[in-house]
Amino acid sequence: MNLNKTILVGRVTRQPEVRVLPSGSKVATFSLATNRMWSQEGQKKEETTFHNIVAFGHTAETIGQYVIQGQEILVEGRISNRSYDDKDGKKAYRSEVILETFQFGQKPKGAENSKPVDKEGWNGIKGKDEDPDPIEYPDEEVNLEDIPF
């Protein structure tokens, strides 16, 4: 049996970029920084690793709307390696994590209630600051015997 699975918890290093593919599907790309700390000969050492993350479809839309630079996020996915020709015609290689699931983490200090804003000033809800589908609660009491399950 083979397994290609990775789980990372880190901070988003740049604002996610969402693009539309020719097929109409959306793709989001961003970078995630993870670090590890250890002691060596009595001195603290730290190493930071940067990971390229790619999300598709509805997940890409969600990432683009709600994830901001500096936010902590848990990503789960698979590692993909691809090659391409760079601008000088040389063969270049890139490793990416193809995102399958994720969980939001802490936002950076001072950004607790903020939403990302794209280049046109869209905050994810097209010009509105309120929830697009507010929950309407009934005014009357709910009788537990009326619930069918």
# chains A, B, ... in the order shown; residues from 1 in each chain; ligands from 1

$ residues_around --residues "region 42-53 of chain A" --least-positions-apart "2" --cutoff "8 Å" --atoms "only C-alpha atoms" --output "list of chain:residue names"
A:Thr29, A:Phe30, A:Ser31, A:Leu32, A:Ala33, A:Thr34, A:Asn35, A:Arg36, A:Met37, A:Trp38, A:Ser39, A:Gln40, A:Ala55, A:Ser95, A:Glu96, A:Val97, A:Ile98, A:Leu99

$ atom_distance --atom1 "CA of Lys5 (chain A)" --atom2 "CA of Glu100 (chain A)"
9.8 Å

$ closest_residue --among "A:Lys87, A:Arg94, A:Lys107, A:Arg78" --to "Leu3 (chain A)" --atoms "only C-alpha atoms"
A:Arg78

$ select_by_dssp --residues "region 5-78 of chain A" --states "alpha helix (DSSP H)" --output "MDAnalysis selection string"
chainID A and resid 57:66

$ residues_around --residues "Leu8 (chain A)" --least-positions-apart "6" --cutoff "9 Å" --atoms "only C-alpha atoms" --output "ChimeraX atom specification"
/A:32,34,73-77

$ residues_around --residues "Ala92 (chain A)" --least-positions-apart "4" --cutoff "9 Å" --atoms "only C-alpha atoms" --output "ChimeraX atom specification"
/A:82-86

$ decode --residues "region 46-64 of chain A" --atoms "N, CA and C atoms" --output "PDB file, in the first residue's frame"
ATOM      1  N   GLU A  46      16.413  27.482  15.353  1.00  0.00           N
ATOM      2  CA  GLU A  46      15.094  27.500  14.731  1.00  0.00           C
ATOM      3  C   GLU A  46      15.253  27.388  13.226  1.00  0.00           C
ATOM      4  N   GLU A  47      14.361  26.625  12.617  1.00  0.00           N
ATOM      5  CA  GLU A  47      14.372  26.446  11.172  1.00  0.00           C
ATOM      6  C   GLU A  47      12.952  26.689  10.653  1.00  0.00           C
ATOM      7  N   THR A  48      12.822  27.493   9.623  1.00  0.00           N
ATOM      8  CA  THR A  48      11.527  27.761   9.011  1.00  0.00           C
ATOM      9  C   THR A  48      11.507  27.158   7.618  1.00  0.00           C
ATOM     10  N   THR A  49      10.416  26.485   7.300  1.00  0.00           N
ATOM     11  CA  THR A  49      10.233  25.883   5.983  1.00  0.00           C
ATOM     12  C   THR A  49       8.991  26.495   5.354  1.00  0.00           C
ATOM     13  N   PHE A  50       9.073  26.815   4.073  1.00  0.00           N
ATOM     14  CA  PHE A  50       7.956  27.406   3.346  1.00  0.00           C
ATOM     15  C   PHE A  50       7.373  26.362   2.408  1.00  0.00           C
ATOM     16  N   HIS A  51       6.047  26.269   2.399  1.00  0.00           N
ATOM     17  CA  HIS A  51       5.342  25.270   1.601  1.00  0.00           C
ATOM     18  C   HIS A  51       4.376  25.977   0.655  1.00  0.00           C
ATOM     19  N   ASN A  52       4.343  25.530  -0.597  1.00  0.00           N
ATOM     20  CA  ASN A  52       3.396  26.050  -1.583  1.00  0.00           C
ATOM     21  C   ASN A  52       2.122  25.223  -1.486  1.00  0.00           C
ATOM     22  N   ILE A  53       0.981  25.895  -1.294  1.00  0.00           N
ATOM     23  CA  ILE A  53      -0.297  25.217  -1.120  1.00  0.00           C
ATOM     24  C   ILE A  53      -1.208  25.582  -2.284  1.00  0.00           C
ATOM     25  N   VAL A  54      -1.932  24.587  -2.821  1.00  0.00           N
ATOM     26  CA  VAL A  54      -2.858  24.792  -3.935  1.00  0.00           C
ATOM     27  C   VAL A  54      -4.201  24.170  -3.568  1.00  0.00           C
ATOM     28  N   ALA A  55      -5.281  24.941  -3.720  1.00  0.00           N
ATOM     29  CA  ALA A  55      -6.633  24.452  -3.451  1.00  0.00           C
ATOM     30  C   ALA A  55      -7.490  24.665  -4.690  1.00  0.00           C
ATOM     31  N   PHE A  56      -8.461  23.784  -4.898  1.00  0.00           N
ATOM     32  CA  PHE A  56      -9.329  23.861  -6.072  1.00  0.00           C
ATOM     33  C   PHE A  56     -10.797  23.947  -5.667  1.00  0.00           C
ATOM     34  N   GLY A  57     -11.630  24.449  -6.593  1.00  0.00           N
ATOM     35  CA  GLY A  57     -13.075  24.437  -6.447  1.00  0.00           C
ATOM     36  C   GLY A  57     -13.601  25.278  -5.302  1.00  0.00           C
ATOM     37  N   HIS A  58     -14.593  24.723  -4.598  1.00  0.00           N
ATOM     38  CA  HIS A  58     -15.241  25.441  -3.498  1.00  0.00           C
ATOM     39  C   HIS A  58     -14.233  25.752  -2.384  1.00  0.00           C
ATOM     40  N   THR A  59     -13.309  24.841  -2.156  1.00  0.00           N
ATOM     41  CA  THR A  59     -12.278  25.072  -1.135  1.00  0.00           C
ATOM     42  C   THR A  59     -11.454  26.297  -1.492  1.00  0.00           C
ATOM     43  N   ALA A  60     -11.127  26.459  -2.767  1.00  0.00           N
ATOM     44  CA  ALA A  60     -10.355  27.624  -3.220  1.00  0.00           C
ATOM     45  C   ALA A  60     -11.133  28.915  -2.962  1.00  0.00           C
ATOM     46  N   GLU A  61     -12.440  28.893  -3.225  1.00  0.00           N
ATOM     47  CA  GLU A  61     -13.270  30.075  -2.971  1.00  0.00           C
ATOM     48  C   GLU A  61     -13.267  30.439  -1.492  1.00  0.00           C
ATOM     49  N   THR A  62     -13.434  29.434  -0.636  1.00  0.00           N
ATOM     50  CA  THR A  62     -13.460  29.663   0.808  1.00  0.00           C
ATOM     51  C   THR A  62     -12.132  30.217   1.296  1.00  0.00           C
ATOM     52  N   ILE A  63     -11.041  29.643   0.834  1.00  0.00           N
ATOM     53  CA  ILE A  63      -9.702  30.126   1.199  1.00  0.00           C
ATOM     54  C   ILE A  63      -9.565  31.589   0.784  1.00  0.00           C
ATOM     55  N   GLY A  64      -9.957  31.911  -0.444  1.00  0.00           N
ATOM     56  CA  GLY A  64      -9.839  33.271  -0.953  1.00  0.00           C
ATOM     57  C   GLY A  64     -10.680  34.273  -0.187  1.00  0.00           C
TER      58      GLY A  64
END
